[in-house]
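> The structure under discussion is supplied below as structure tokens; questions concerning it will follow.
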Amino acid sequence: MPPLCRIVAHADGYRFYSHGNCLTTLYFIFTIGSIEIYLKLSQRKPLTMQTSISPYALSPISHTIPPMENSILYRYAEPTDIPELTSIYNHYIRHTTTTFDLEPVTIENRQEWFNYHEPAGRYKLISAVLDDTLIGYACTSIFREKAAYATSVESSIYTHPEYTDRGVGFKLYEKLFSLLEETDVHRVYACITVPNSASINLHKKFQFREVGLFTDAGFKFGKYRDIQWMEKQVGVI
């Protein structure tokens, strides 16, 4: 009887193969050398296994992405999305100034963050899924802790690095802001590290306007960074 899965080393990383159909979804992490690798076996997916990078991965691993012509599902995020949500966010922590987090977050950390979002509330979390692979997400979060700010939220959006500039972010925001119309949210704020013309232009497509520039607000990758605040009106209380 063949093994459940095998690991093959390629020049561009490790690839994973399974035999037969997996009857359920399994998640586990194993270690090759100093690299932790997170595996996802999707329901009744013969011959292949989806892979994503662990929050603690020390080097990139090849991650095959399905072709764009397949339909993308935009839905509320589910608990099984958390490892992939973590992996995408950690990419932006490590390689960009999009977020001012400096250290990768753990799956446990993102579990707490995930639990804060709910379909019926002001703080929503939407996933974009292509052939069982999460390729992006958008969310709203607390703008400020004080009670009078309750109907203001801050929006965030992150896409898998292989799916930037391909319309995924636009569709995520379109879905997110449509759902916010059903709530008492009055203002949405976006905080963008500049320069970032792509993000500024995306927000302008959704009627955000520039309301303030904070200079040298954060220090990342050896340099002080400016942030642009943008504001969107959602509804009238």
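Chain lettering (A, B, ...) mirrors the order of the structure tokens, residue numbering begins at 1 for each chain separately, and ligand numbering begins at 1 in order of display.
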Excluding A:Ser155 and its own-chain neighbours fewer than 3 positions away, which residues fall within 9 Å of it when counting only C-alpha atoms? Please give them as a list in words.
Ala138, Cys139, Thr140, Ser141, Ile142, Phe143, Val188, Tyr189, Ala190 and Cys191 of chain A
> For the residues selected in the previous step, produce a file with C-alpha atoms as a short mmCIF file (atom, residue, chain, number, x, y, z; two decimals), in the first residue's frame.

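Contents of part27.cif, as written:
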data_model
loop_
_atom_site.label_atom_id
_atom_site.label_comp_id
_atom_site.auth_asym_id
_atom_site.auth_seq_id
_atom_site.Cartn_x
_atom_site.Cartn_y
_atom_site.Cartn_z
CA ALA A 138 -10.31 42.06 3.55
CA CYS A 139 -11.57 43.09 6.96
CA THR A 140 -12.76 45.86 9.20
CA SER A 141 -11.41 46.35 12.71
CA ILE A 142 -11.65 48.74 15.66
CA PHE A 143 -10.64 52.28 14.74
CA VAL A 188 -14.34 53.63 7.31
CA TYR A 189 -10.71 54.70 7.65
CA ALA A 190 -7.69 53.33 5.82
CA CYS A 191 -4.10 53.89 6.91
#
> Measure the distance from atom CA of A:Tyr224 to atom CA of A:Pro195 in Å and round it to one decimal.
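So the answer is 12.3 Å.
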> Using DSSP assignments from the backbone, pull out every residue in stretch 151-233 of chain A that falls under strand (DSSP E or B) and give it to me as a PyMOL selection string.
chain A and resi 152-159+187-194+209-220+223-233
> Save out the residues we just selected, C-alpha atoms, as a tab-separated table (two decimals), in the first residue's frame.

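Output contents, as saved in out_8.tsv:
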chain	number	residue	atom	x	y	z
A	152	SER	CA	-16.03	54.10	12.85
A	153	VAL	CA	-13.92	51.18	11.64
A	154	GLU	CA	-10.54	50.69	9.97
A	155	SER	CA	-10.29	48.60	6.82
A	156	SER	CA	-7.43	46.34	5.72
A	157	ILE	CA	-6.85	44.27	2.61
A	158	TYR	CA	-4.16	41.73	1.74
A	159	THR	CA	-3.81	39.49	-1.31
A	187	ARG	CA	-17.08	55.92	8.60
A	188	VAL	CA	-14.34	53.63	7.31
A	189	TYR	CA	-10.71	54.70	7.65
A	190	ALA	CA	-7.69	53.33	5.82
A	191	CYS	CA	-4.10	53.89	6.91
A	192	ILE	CA	-1.67	53.50	3.99
A	193	THR	CA	2.11	53.59	4.14
A	194	VAL	CA	3.24	55.90	1.34
A	209	ARG	CA	-10.71	60.65	0.22
A	210	GLU	CA	-7.36	61.70	1.61
A	211	VAL	CA	-7.77	63.38	4.99
A	212	GLY	CA	-4.32	63.53	6.54
A	213	LEU	CA	-0.64	62.72	6.13
A	214	PHE	CA	1.41	61.68	9.15
A	215	THR	CA	5.13	62.08	8.51
A	216	ASP	CA	7.78	59.74	9.94
A	217	ALA	CA	5.06	57.87	11.82
A	218	GLY	CA	6.76	54.47	11.78
A	219	PHE	CA	10.28	53.05	11.50
A	220	LYS	CA	10.72	49.90	9.41
A	223	LYS	CA	13.85	54.14	7.54
A	224	TYR	CA	11.08	56.36	8.90
A	225	ARG	CA	7.81	55.99	6.95
A	226	ASP	CA	4.91	58.34	6.25
A	227	ILE	CA	1.29	57.20	6.44
A	228	GLN	CA	-1.68	58.54	4.52
A	229	TRP	CA	-5.09	58.42	6.21
A	230	MET	CA	-8.14	58.06	3.97
A	231	GLU	CA	-11.84	58.23	4.89
A	232	LYS	CA	-15.02	56.77	3.41
A	233	GLN	CA	-18.60	57.56	4.36
> Using only C-alpha atoms, which protein or nucleic acid residues come within 12 Å of A:Asn109? Drop anything in the same chain fewer than 4 positions from it, and give the result as an MDAnalysis selection string.
chainID A and resid 55 82:83 85:86 89:90 103:105 113:116
> Restricting it to C-alpha atoms, dump the selection as a PDB file, in the first residue's frame.

ATOM      1  CA  PRO A  55       4.383  31.390  10.403  1.00  0.00           C
ATOM      2  CA  ILE A  82      -6.597  30.840   9.731  1.00  0.00           C
ATOM      3  CA  PRO A  83      -3.274  29.198   8.709  1.00  0.00           C
ATOM      4  CA  LEU A  85      -4.601  34.072   6.554  1.00  0.00           C
ATOM      5  CA  THR A  86      -1.535  33.955   8.789  1.00  0.00           C
ATOM      6  CA  TYR A  89      -0.142  38.440   6.494  1.00  0.00           C
ATOM      7  CA  ASN A  90       3.338  37.274   7.464  1.00  0.00           C
ATOM      8  CA  GLU A 103       7.747  40.225  13.736  1.00  0.00           C
ATOM      9  CA  PRO A 104       5.718  37.408  12.121  1.00  0.00           C
ATOM     10  CA  VAL A 105       2.527  36.504  13.941  1.00  0.00           C
ATOM     11  CA  TRP A 113      -7.797  38.219  15.826  1.00  0.00           C
ATOM     12  CA  PHE A 114     -10.136  35.960  13.815  1.00  0.00           C
ATOM     13  CA  ASN A 115     -12.507  35.515  16.751  1.00  0.00           C
ATOM     14  CA  TYR A 116     -12.991  39.265  16.935  1.00  0.00           C
TER      15      TYR A 116
END
> Rank nothing, just name the residue among A:Thr98, A:Gln207, A:Ser197, A:Ser71 nearest to A:Tyr173, using only C-alpha atoms.
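Of all the options, A:Gln207 lies closest to A:Tyr173.
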> Looking at A:Arg122, A:Arg75, A:Arg110, A:His160, which one is nearest to A:Ile88, with distances taken over only C-alpha atoms?
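For A:Ile88, the nearest of the given residues is A:His160.
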> Please determine, counting only C-alpha atoms, which residue among A:Ala148, A:Ala198, A:Leu172, A:Ile72 has the shortest atom-to-atom distance to A:Thr133.
A:Ile72
> Please extract the residues of stretch 104-177 of chain A with a backbone DSSP assignment of helix (DSSP H, G or I) and present them as a PyMOL selection string.
chain A and resi 107-115+147-149+161-163+168-177
